[in-house]
Structure formats: structure tokens, C-alpha cells
Amino acid sequence: AAAAAAAALAPAAPGAPSAEIGECACGGGWRLHLVVTATGFGFGNPPGFPHRAFVQADSVTLRASAPLLALWRWLADVRYPLPLKQTPGYRGYGVFRFDAVDIDGVGLHFEMSKGEFNVNGFVRLLATCEVQHKLGKDTPLPNLLSVHVGTAVGLRTGRANLLTGERSCHPRVVLCVRGAKRHTARTVQRTARRAGRGEKAGEPALAQEEYSGRQGEGGGVSEGGDAYAPPEYYWGEELSLPLSDASAVLHVCVYDGTAASTLLGQWMTTLKWLVLDPSNCEHSALHVERVGEVAGWFVLSDEKWGGLGGCG
């Protein structure tokens with residue numbers, strides 16, 4: 001690609017935004033205007049695809065401007081109050097304005113190579129580079145995912161028995177990464193007792209009695225006066241899946257095995273976020289043990305990825 005640039009100095013326009021008027025008051029009324037043109041622009045394909053570029057254009061022209069005072073602040077790393085709507089206390093260098101971006105002769109190449117779509121290949125390379133940068137160049141990339149399936153609470157009720165009207169639930173957890181699947185082998189149903197005096201809130205103590213009421217009908221009171229909530233389900237199993245790349249998606253599904261494998265809830269995350277930002281997922285409590293290792297409570301959605309928090 002080839003690029004050309006032109007620059008000019010001019011005072012701020014009479015109808016300039018209020019932020020630019022503030023620049024004028026500070027002596028920053030003069031702006032540097034830039035016009036940058038690149039010809040033969042291309043955004044590369046991953047290696048092995050027929051075309052070198054996924055996106056290509058005959059020319060790309062960018063028109064931008066910035067106050068001279070803002071440029072000086074940027075070079076000297078001097079920030080001043082620049083309130084934003086979402087961040088009133090924000091401090092910045094000034095207002096850098098992009099007036100126009102003109103692109104001519106655009107071409108997009110969607111293609112396959114060795115069974116992989118080029119968009120997926122690009123996402124895979126990007127995720128791999130991000131994770132490698134986070135871990136360090138001398139640290140090998142992870143190739144195994146280990147998941148401890150612990151406890152589920154607040155699961156949706158399964159279908160009612162046509163004869164007794166009771167709602168039973170025997171949930172099982174299925175993990176999917178790419179084409180690999182793992183599932184839990186057993187479920188232990190235990191009654192969750194609300195935290196009493198001296199116990200941590202948000203960490204329900206477990207009673208030893210089996211839950212005997214109908215799921216979803218609230219709790220009860222034991223002889224000792226302890227209040228009981230609907231049951232929680234415990235697996236305590238370690239499941240492992242192979243990892244091919246950091247862009248793979250972990251899909252967690254909870255099914256009710258007593259109702260023709262009815263989906264009770266689901267959750268997902270891209271595996272790169274376990275390293276880059278574990279909080280970038282649906283959760284109610286999260287603890288990062290170390291890079292790539294997290295524990296917590298993760299919120300389930302329904303089959304249409306709605307009903308967040310109402311599925312367990």
C-alpha cells in the first residue's frame with residue numbers, strides 16, 4: 001500500500017462543539033487538519049487462503065483534525081479535566097476529531113481453506129496472539145481445559161408427573177468445546193439451609209436431609225427452626241476437554257434427564273477470556289485464583305439466551 005498525507009493549520013470553526021470552544025479559551029483555537037490517503041489498501045487473510053487480503057480497497061482517505069494544544073498535551077502526557085457523560089471525572093488531552101473516512105473500490109473475500117472459514121481463522125490467530133501476550137512469549141499455550149462441576153441452585157422446575165403432579169429433577173451437566181463433549185455421571189440432591197447466625201451470607205449451609213417437597217414451592221422449617229430453601233444439586237466432578245485454540249467457546253448446558261433431556265439452563269464463554277478478563281461473562285460471584293483459573297457462581301440463561309438469572 002502507498003500513503004500520502006497533507007496538513008494545514010486553521011482556527012476553529014464558528015460553530016465548533018463546546019469542547020473545542022473550551023480549547024479556544026485555553027489558547028488552543030488553532031487546529032491541525034490532516035488528510036491521509038492510502039492506495040492499494042488490504043487487510044490480510046490468514047496464511048494458506050487463496051487471496052492475500054480478506055478486505056481490500058483501491059483507496060482509503062481519512063480526514064481528521066486536532067487542536068495544537070491537545071497535541072502538545074499528548075506529546076507531554078499532560079491531562080486536564082474533560083468530563084464525559086459516562087465518566088464525569090475523566091481527564092484527557094483534548095478533542096481529536098475524525099471528520100470523514102472515504103473508502104473506494106472495496107472487496108471482501110469470504111473463503112475456505114483446509115476446512116476453516118477465513119473469518120474464523122482470523123479470530124483464532126487474534127485470540128492466540130492476545131493470550132500469548134498475556135501469558136508471556138516463553139509460556140506455552142494451554143492445551144487442556146479442566147472444569148470442576150460443583151453445585152447448582154435455583155434450577156428451573158422440570159415437567160410435572162401426569163399421575164402425581166410432582167415435579168422431579170435429575171439434572172446433568174454437559175460441557176462442549178468445539179466437537180468435544182463431556183458430561184456428569186451422577187447428581188446428589190441436597191437441601192440448602194439458609195445461613196444462620198455466625199454463618200457467611202451468600203454461602204448456603206447444607207442440611208443432610210433429602211428435600212421431600214415439590215421443587216419451586218419454597219422451603220420449610222425443621223424441628224430446630226432452620227428455614228430451608230428449595231434443593232441444590234451437587235456433582236463434585238472433574239471434567240477435562242482438549243483445547244485446540246484460544247478462540248474456542250465453552251458451552252455449558254444443564255439438562256433434566258427425567259424429562260427427555262429438557263434444557264434447564266445454559267452458559268457460555270470464549271476461552272480466551274479466562275486468561276484476558278475472567279469477569280467478561282455472566283456471573284453472580286467470581287474469584288480469580290490465578291491467570292486462567294477462576295471459580296464462582298455462573299448465571300444460566302434459557303434456550304433462547306433469555307431469562308438470565310431465572311434458570312439457575
# chains A, B, ... in the order shown; residues from 1 in each chain; ligands from 1
>>> select_by_dssp(residues="segment 93-133 of chain A", states="alpha helix (DSSP H)", output="MDAnalysis selection string")
chainID A and resid 118:133
>>> closest_residue(among="A:Arg79, A:Ala295, A:Thr262, A:Leu308", to="Glu282 of chain A", atoms="only C-alpha atoms")
A:Leu308
>>> closest_residue(among="A:Pro171, A:Pro67, A:Gly306, A:Pro83", to="Leu34 of chain A", atoms="only C-alpha atoms")
A:Pro67
>>> closest_residue(among="A:Leu125, A:Leu175, A:Leu286, A:Cys169", to="Val249 of chain A", atoms="only C-alpha atoms")
A:Leu175
>>> closest_residue(among="A:Glu238, A:Asp138, A:Asp302, A:Glu130", to="Leu274 of chain A", atoms="only C-alpha atoms")
A:Glu130
>>> closest_residue(among="A:Glu232, A:Val95, A:Lys137, A:Val173", to="Tyr80 of chain A", atoms="only C-alpha atoms")
A:Val95
>>> atom_distance(atom1="atom CA of Cys311 of chain A", atom2="atom CA of Ala152 of chain A")
10.1 Å
>>> closest_residue(among="A:Val299, A:Leu241, A:Leu82, A:Asp277", to="Cys253 of chain A", atoms="only C-alpha atoms")
A:Val299
>>> select_by_dssp(residues="segment 105-149 of chain A", states="strand (DSSP E)", output="list in words")
Gly107, Leu108, Met112, Ser113, Glu116, Phe117, Leu144, Leu145, Ser146, Val147, His148 and Val149 of chain A
